[in-house]
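Raw contents of start.pdb, PDB, C-alpha atoms and all ligand atoms:
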```pdb
MODEL        1
ATOM      1  CA  MET A   1       6.729  -5.407 -29.414
ATOM      2  CA  ASP A   2       3.132  -4.124 -29.108
ATOM      3  CA  ILE A   3       2.234  -1.261 -26.771
ATOM      4  CA  LEU A   4       0.314  -3.484 -24.288
ATOM      5  CA  LYS A   5       3.324  -5.772 -23.837
ATOM      6  CA  GLN A   6       5.586  -2.753 -23.321
ATOM      7  CA  ASN A   7       3.197  -1.312 -20.726
ATOM      8  CA  ILE A   8       3.035  -4.639 -18.857
ATOM      9  CA  ILE A   9       6.828  -4.815 -18.733
ATOM     10  CA  ALA A  10       7.060  -1.209 -17.476
ATOM     11  CA  ALA A  11       4.404  -1.880 -14.797
ATOM     12  CA  LYS A  12       6.246  -5.020 -13.635
ATOM     13  CA  ASP A  13       9.543  -3.084 -13.509
ATOM     14  CA  ASP A  14       7.902  -0.446 -11.298
ATOM     15  CA  LEU A  15       6.406  -3.138  -9.016
ATOM     16  CA  ILE A  16       9.774  -4.905  -8.616
ATOM     17  CA  LEU A  17      11.613  -1.650  -7.874
ATOM     18  CA  ALA A  18       9.048  -0.644  -5.229
ATOM     19  CA  ALA A  19       9.013  -4.140  -3.684
ATOM     20  CA  ARG A  20      12.815  -4.117  -3.251
ATOM     21  CA  ARG A  21      12.695  -0.585  -1.909
ATOM     22  CA  ALA A  22      10.024  -1.564   0.667
ATOM     23  CA  VAL A  23      12.240  -4.384   1.941
ATOM     24  CA  SER A  24      15.438  -2.340   2.080
ATOM     25  CA  SER A  25      13.720   0.551   3.851
ATOM     26  CA  GLY A  26      12.295  -1.833   6.474
ATOM     27  CA  LEU A  27       8.656  -1.335   5.486
ATOM     28  CA  GLN A  28       8.108  -5.044   4.882
ATOM     29  CA  THR A  29       9.588  -8.364   5.973
ATOM     30  CA  GLY A  30       8.693 -11.977   5.143
ATOM     31  CA  THR A  31       5.837 -12.654   2.741
ATOM     32  CA  GLY A  32       3.465  -9.951   3.997
ATOM     33  CA  GLY A  33       2.198  -7.002   2.005
ATOM     34  CA  ASN A  34       1.236  -6.592  -1.622
ATOM     35  CA  ILE A  35       1.781  -4.192  -4.507
ATOM     36  CA  SER A  36      -0.046  -3.604  -7.774
ATOM     37  CA  VAL A  37       0.413  -1.295 -10.757
ATOM     38  CA  ARG A  38      -2.201  -0.351 -13.350
ATOM     39  CA  VAL A  39      -1.370  -1.181 -16.965
ATOM     40  CA  PRO A  40      -2.417   2.068 -18.699
ATOM     41  CA  GLY A  41      -5.325   1.966 -21.140
ATOM     42  CA  SER A  42      -5.990  -1.758 -20.774
ATOM     43  CA  GLY A  43      -8.343  -2.509 -17.842
ATOM     44  CA  LEU A  44      -5.515  -4.645 -16.428
ATOM     45  CA  MET A  45      -3.164  -4.507 -13.469
ATOM     46  CA  VAL A  46       0.023  -6.326 -12.555
ATOM     47  CA  VAL A  47      -0.045  -7.579  -8.980
ATOM     48  CA  LYS A  48       2.083  -9.550  -6.567
ATOM     49  CA  ALA A  49       1.181 -13.240  -6.399
ATOM     50  CA  SER A  50      -0.175 -14.467  -3.064
ATOM     51  CA  GLY A  51       2.486 -15.759  -0.678
ATOM     52  CA  VAL A  52       5.430 -14.371  -2.651
ATOM     53  CA  ALA A  53       7.851 -12.166  -0.674
ATOM     54  CA  PHE A  54       8.522  -8.658  -1.964
ATOM     55  CA  ASP A  55      12.198  -9.421  -2.564
ATOM     56  CA  GLU A  56      11.284 -12.550  -4.548
ATOM     57  CA  CYS A  57       9.161 -10.627  -7.083
ATOM     58  CA  VAL A  58      10.426 -11.104 -10.654
ATOM     59  CA  HIS A  59       8.717 -10.695 -14.030
ATOM     60  CA  ASP A  60       7.757 -14.395 -14.171
ATOM     61  CA  ASN A  61       5.896 -14.563 -10.852
ATOM     62  CA  ILE A  62       3.914 -11.310 -11.151
ATOM     63  CA  VAL A  63       0.264 -11.865 -12.090
ATOM     64  CA  VAL A  64      -1.449  -9.878 -14.860
ATOM     65  CA  THR A  65      -5.197  -9.759 -14.281
ATOM     66  CA  ASP A  66      -8.298  -7.723 -15.043
ATOM     67  CA  PHE A  67     -10.309  -6.163 -12.205
ATOM     68  CA  GLN A  68     -12.735  -9.109 -12.092
ATOM     69  CA  GLY A  69      -9.907 -11.548 -11.347
ATOM     70  CA  ASN A  70      -9.551 -13.079 -14.816
ATOM     71  CA  VAL A  71      -5.840 -13.878 -14.892
ATOM     72  CA  GLN A  72      -4.266 -13.040 -18.276
ATOM     73  CA  GLU A  73      -0.677 -13.970 -17.567
ATOM     74  CA  GLY A  74       1.030 -16.125 -14.953
ATOM     75  CA  ASN A  75      -0.051 -19.356 -13.289
ATOM     76  CA  LEU A  76      -0.049 -18.089  -9.709
ATOM     77  CA  LYS A  77      -2.956 -16.727  -7.661
ATOM     78  CA  PRO A  78      -3.099 -12.939  -7.238
ATOM     79  CA  THR A  79      -2.800 -11.478  -3.735
ATOM     80  CA  GLN A  80      -5.496 -12.222  -1.142
ATOM     81  CA  GLU A  81      -6.052  -8.441  -1.112
ATOM     82  CA  PHE A  82      -7.326  -8.568  -4.699
ATOM     83  CA  VAL A  83     -10.538  -6.718  -3.772
ATOM     84  CA  LEU A  84      -8.614  -3.748  -2.336
ATOM     85  CA  HIS A  85      -6.469  -3.331  -5.437
ATOM     86  CA  ALA A  86      -9.052  -4.108  -8.163
ATOM     87  CA  SER A  87     -11.863  -2.032  -6.588
ATOM     88  CA  LEU A  88      -9.676   1.071  -6.310
ATOM     89  CA  TYR A  89      -8.516   0.900  -9.942
ATOM     90  CA  GLU A  90     -12.075   0.327 -11.133
ATOM     91  CA  LYS A  91     -13.494   3.247  -9.197
ATOM     92  CA  TYR A  92     -10.690   5.803  -9.619
ATOM     93  CA  GLY A  93      -9.224   6.048 -13.110
ATOM     94  CA  ASN A  94      -6.323   8.228 -11.922
ATOM     95  CA  ILE A  95      -4.786   5.696  -9.520
ATOM     96  CA  GLY A  96      -1.523   4.327 -10.920
ATOM     97  CA  ALA A  97      -0.315   2.004  -8.162
ATOM     98  CA  ILE A  98      -1.122   0.672  -4.689
ATOM     99  CA  VAL A  99       1.331  -0.435  -2.018
ATOM    100  CA  HIS A 100       0.231  -2.285   1.121
ATOM    101  CA  THR A 101       2.801  -3.013   3.845
ATOM    102  CA  HIS A 102       2.842  -4.397   7.385
ATOM    103  CA  SER A 103       5.103  -1.726   8.856
ATOM    104  CA  PRO A 104       5.734  -1.976  12.623
ATOM    105  CA  TYR A 105       5.523   1.606  13.912
ATOM    106  CA  SER A 106       2.431   2.291  11.814
ATOM    107  CA  ILE A 107       0.715  -0.886  13.017
ATOM    108  CA  ALA A 108       1.622  -0.100  16.643
ATOM    109  CA  TRP A 109       0.016   3.338  16.225
ATOM    110  CA  THR A 110      -3.243   1.827  14.887
ATOM    111  CA  TYR A 111      -3.969   0.279  18.308
ATOM    112  CA  THR A 112      -4.537   3.801  19.641
ATOM    113  CA  LYS A 113      -7.613   3.833  17.349
ATOM    114  CA  LYS A 114      -6.730   7.410  16.349
ATOM    115  CA  ASP A 115      -5.766   8.814  12.963
ATOM    116  CA  LEU A 116      -1.996   9.284  12.629
ATOM    117  CA  PRO A 117      -1.073  12.951  13.284
ATOM    118  CA  LEU A 118       1.531  14.634  11.086
ATOM    119  CA  ILE A 119       4.033  16.055  13.549
ATOM    120  CA  THR A 120       6.972  16.891  11.298
ATOM    121  CA  GLN A 121       7.256  19.788   8.854
ATOM    122  CA  HIS A 122       8.030  17.403   6.009
ATOM    123  CA  ALA A 123       5.034  15.135   6.687
ATOM    124  CA  MET A 124       2.705  18.156   6.874
ATOM    125  CA  LEU A 125       4.058  19.483   3.603
ATOM    126  CA  LYS A 126       3.800  16.182   1.753
ATOM    127  CA  LEU A 127       0.835  14.386   3.309
ATOM    128  CA  LYS A 128      -1.331  17.454   4.101
ATOM    129  CA  HIS A 129      -3.714  15.785   6.585
ATOM    130  CA  SER A 130      -3.641  13.122   9.261
ATOM    131  CA  ILE A 131      -3.745   9.538   7.999
ATOM    132  CA  PRO A 132      -7.142   7.845   8.513
ATOM    133  CA  ASN A 133      -7.053   4.736  10.696
ATOM    134  CA  LEU A 134      -9.690   2.253   9.496
ATOM    135  CA  SER A 135     -10.757  -0.876  11.305
ATOM    136  CA  TYR A 136     -11.810  -4.248   9.843
ATOM    137  CA  ASP A 137     -12.419  -7.460  11.719
ATOM    138  CA  THR A 138     -11.194  -9.580   8.796
ATOM    139  CA  PRO A 139      -7.542 -10.110   7.760
ATOM    140  CA  THR A 140      -8.316  -8.936   4.211
ATOM    141  CA  ILE A 141     -10.674  -6.158   3.113
ATOM    142  CA  PRO A 142     -14.026  -7.513   1.865
ATOM    143  CA  LYS A 143     -15.990  -5.867  -0.978
ATOM    144  CA  GLU A 144     -18.426  -4.188   1.445
ATOM    145  CA  GLY A 145     -15.457  -2.871   3.461
ATOM    146  CA  MET A 146     -14.348  -0.770   0.479
ATOM    147  CA  LEU A 147     -17.095   1.799   1.252
ATOM    148  CA  GLU A 148     -15.123   2.980   4.273
ATOM    149  CA  ILE A 149     -12.066   3.482   2.068
ATOM    150  CA  TYR A 150     -14.040   5.382  -0.601
ATOM    151  CA  LYS A 151     -15.357   7.721   2.121
ATOM    152  CA  ASN A 152     -11.783   8.585   3.085
ATOM    153  CA  MET A 153     -10.420   9.125  -0.414
ATOM    154  CA  ASP A 154      -9.056  12.623  -0.843
ATOM    155  CA  GLU A 155      -9.455  13.103  -4.554
ATOM    156  CA  LYS A 156      -8.498  16.772  -4.393
ATOM    157  CA  SER A 157      -4.974  16.287  -3.060
ATOM    158  CA  GLY A 158      -4.539  13.176  -5.222
ATOM    159  CA  LEU A 159      -2.471  11.740  -2.421
ATOM    160  CA  GLN A 160      -4.208   9.022  -0.507
ATOM    161  CA  ALA A 161      -3.110   6.712   2.254
ATOM    162  CA  PHE A 162      -4.752   4.770   5.053
ATOM    163  CA  LEU A 163      -3.854   2.787   8.085
ATOM    164  CA  LEU A 164      -5.615  -0.520   8.703
ATOM    165  CA  GLU A 165      -5.936  -1.335  12.391
ATOM    166  CA  GLY A 166      -3.644  -4.173  13.464
ATOM    167  CA  HIS A 167      -2.653  -4.651   9.844
ATOM    168  CA  GLY A 168      -0.668  -1.954   8.067
ATOM    169  CA  ILE A 169      -0.399   0.877   5.563
ATOM    170  CA  VAL A 170      -2.153   1.310   2.216
ATOM    171  CA  ALA A 171      -0.535   3.993   0.042
ATOM    172  CA  ILE A 172      -1.712   5.060  -3.393
ATOM    173  CA  GLY A 173       0.403   6.823  -5.995
ATOM    174  CA  LYS A 174       1.049   7.567  -9.640
ATOM    175  CA  SER A 175       3.643   4.773  -9.591
ATOM    176  CA  ALA A 176       4.516   2.000  -7.126
ATOM    177  CA  VAL A 177       7.786   3.731  -6.267
ATOM    178  CA  LYS A 178       5.898   6.966  -5.469
ATOM    179  CA  ALA A 179       3.350   5.035  -3.347
ATOM    180  CA  CYS A 180       6.240   3.324  -1.574
ATOM    181  CA  GLN A 181       7.797   6.713  -0.759
ATOM    182  CA  THR A 182       4.463   7.764   0.781
ATOM    183  CA  ALA A 183       4.390   4.566   2.863
ATOM    184  CA  GLU A 184       7.966   5.330   3.998
ATOM    185  CA  LEU A 185       6.946   8.804   5.112
ATOM    186  CA  ILE A 186       3.976   7.389   7.043
ATOM    187  CA  GLU A 187       6.193   4.829   8.772
ATOM    188  CA  GLU A 188       8.793   7.526   9.564
ATOM    189  CA  THR A 189       6.011   9.703  11.012
ATOM    190  CA  ALA A 190       4.649   6.855  13.152
ATOM    191  CA  LYS A 191       8.178   6.225  14.462
ATOM    192  CA  ILE A 192       8.707   9.890  15.359
ATOM    193  CA  VAL A 193       5.272  10.066  17.041
ATOM    194  CA  TYR A 194       6.303   7.047  19.119
ATOM    195  CA  LEU A 195       9.755   8.470  20.008
ATOM    196  CA  ASP A 196       8.181  11.813  20.927
ATOM    197  CA  ALA A 197       5.748  10.090  23.305
ATOM    198  CA  VAL A 198       8.514   7.997  24.905
ATOM    199  CA  LEU A 199      10.771  11.030  25.396
ATOM    200  CA  LYS A 200       7.978  13.105  26.902
ATOM    201  CA  SER A 201       7.055  10.386  29.367
ATOM    202  CA  THR A 202      10.743   9.812  30.257
ATOM    203  CA  LEU A 203      11.253  13.533  30.908
ATOM    204  CA  LYS A 204       8.207  13.580  33.180
ATOM    205  CA  GLU A 205       9.743  10.823  35.296
ATOM    206  CA  LEU A 206      13.099  12.646  35.765
TER     207      LEU A 206
HETATM  208  C1  LIG B   1      -3.545 -11.193   6.252
HETATM  209  C2  LIG B   1      -2.664 -11.120   5.050
HETATM  210  O1  LIG B   1      -1.342 -11.084   5.489
HETATM  211  C3  LIG B   1      -2.990  -9.930   4.220
HETATM  212  O2  LIG B   1      -2.631  -8.811   4.932
HETATM  213  C4  LIG B   1      -2.374  -9.772   2.888
HETATM  214  O3  LIG B   1      -2.729  -8.497   2.505
HETATM  215  C5  LIG B   1      -0.885  -9.808   2.878
HETATM  216  O4  LIG B   1      -0.241  -8.907   3.333
HETATM  217  C6  LIG B   1      -0.180 -10.894   2.201
HETATM  218  O5  LIG B   1      -1.025 -11.672   1.421
HETATM  219  P1  LIG B   1      -0.678 -12.033  -0.078
HETATM  220  O6  LIG B   1       0.640 -12.761  -0.070
HETATM  221  O7  LIG B   1      -1.825 -12.869  -0.505
HETATM  222  O8  LIG B   1      -0.545 -10.737  -0.838
ENDMDL
END
```

Take the structure in this file and express it as structure tokens.
Ligand SMILES: C[C@H](O)[C@@H](O)[C@@H](O)C(=O)COP(=O)(O)O
Amino acid sequence: MDILKQNIIAAKDDLILAARRAVSSGLQTGTGGNISVRVPGSGLMVVKASGVAFDECVHDNIVVTDFQGNVQEGNLKPTQEFVLHASLYEKYGNIGAIVHTHSPYSIAWTYTKKDLPLITQHAMLKLKHSIPNLSYDTPTIPKEGMLEIYKNMDEKSGLQAFLLEGHGIVAIGKSAVKACQTAELIEETAKIVYLDAVLKSTLKEL
């Protein structure tokens, strides 16, 4: 088997593993969210097909496409968030995978319009700085909306993640599983921030 085929299979394996992990860890339900993985050295990515649930992802329904949207493999449409995934791979050669999820505690936090603070030791150690909360008035990120994301990229730490107001988490990693772990830590942090606020207000009332 040639090297490109092997790399496509490995990228699809990573996507499937991360997609199942996101469902079992409660990051994603239904058909929301999307995941992509760069195919090294090829100008291609593998990406979830639009409308397919994370736990339905298998080798045959994952789309292989270049960053202009020319589909190389698969007869399904790539995710509606194509621009988000393709633009990031095109601009940053070191990005290996992108995970986008509609995770409840993180989305609830975005309505505060503030960046997500890191209030646990573990989150501070791993994520380093608060998670930017970006706002778009469209359900998917348009090309011109990518500028806001580029401004918030932290190339030095190599660990990037964003919240999208009323929408979800975007986590970037070397692999989809690594990006998924980052999304899990963000969701855990948002949950603890929420519980902390509830406890403090309950104690005040006692
Ligand atoms: C508004 C959509 O739900 C959007 O958020 C999209 O990113 C999504 O999560 C699912 O769309 P696809 O199935 O096209 O990836």

Leaving out Asp55 in chain A and any residue of its chain fewer than 3 positions from it, which residues lie within 12 Å of it when counting all atoms listed in the file, given as a ChimeraX atom specification?
/A:15-35,48,51-52,58,61

For this session: May I ask you to write as a VMD selection string all residues lying at most 9 Å from ligand LIG 1 (chain B), with all atoms listed in the file counted?
Result: chain A and resid 31 to 35 47 to 53 77 to 82 84 100 to 102 138 to 141 167 to 168

Kindly list the centre and edge lengths in Å, rounded to one decimal, for the axis-aligned box that covers all listed atoms of range 109-122 of chain A plus 4 Å on each of its six sides, as lines of an AutoDock Vina configuration file.
```
center_x = 0.2
center_y = 10.0
center_z = 12.8
size_x = 23.6
size_y = 27.5
size_z = 21.6
```

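Proximity ranking of A:Leu134, A:Ile62, A:Met1, A:Ile9 relative to Glu165 in chain A places A:Leu134 first, based on only C-alpha atoms.
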
Among A:Tyr194, A:Phe54, A:Phe67, A:Tyr136, Ser87 in chain A is approached most closely, using all atoms listed in the file, by A:Phe67

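One distance worth recording is that between CA of Gly41 in chain A and CA of Asn152 in chain A, which is 25.9 Å.
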
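Shortest atom-to-atom contact with Ala183 in chain A among A:Val71, A:Met153, A:Met45, A:Ile98: A:Ile98, counting only C-alpha atoms.
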
Please provide the set of residues having any atom within 9 Å of range 115-129 of chain A, restricted to all atoms listed in the file, with same-chain residues fewer than 5 positions apart removed, written as a short mmCIF file (atom, residue, chain, number, x, y, z; two decimals) with C-alpha atoms, in the coordinates of the input.
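Final file, selection-v1.cif:
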```
data_model
loop_
_atom_site.label_atom_id
_atom_site.label_comp_id
_atom_site.auth_asym_id
_atom_site.auth_seq_id
_atom_site.Cartn_x
_atom_site.Cartn_y
_atom_site.Cartn_z
CA SER A 106 2.43 2.29 11.81
CA TRP A 109 0.02 3.34 16.23
CA THR A 110 -3.24 1.83 14.89
CA LEU A 134 -9.69 2.25 9.50
CA SER A 157 -4.97 16.29 -3.06
CA LEU A 159 -2.47 11.74 -2.42
CA GLN A 160 -4.21 9.02 -0.51
CA ALA A 161 -3.11 6.71 2.25
CA PHE A 162 -4.75 4.77 5.05
CA LEU A 163 -3.85 2.79 8.09
CA THR A 182 4.46 7.76 0.78
CA LEU A 185 6.95 8.80 5.11
CA ILE A 186 3.98 7.39 7.04
CA GLU A 188 8.79 7.53 9.56
CA THR A 189 6.01 9.70 11.01
CA ALA A 190 4.65 6.86 13.15
CA ILE A 192 8.71 9.89 15.36
CA VAL A 193 5.27 10.07 17.04
#
```

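Interatomic distance, CA of Cys180 in chain A to CA of Asp66 in chain A: 22.7 Å.
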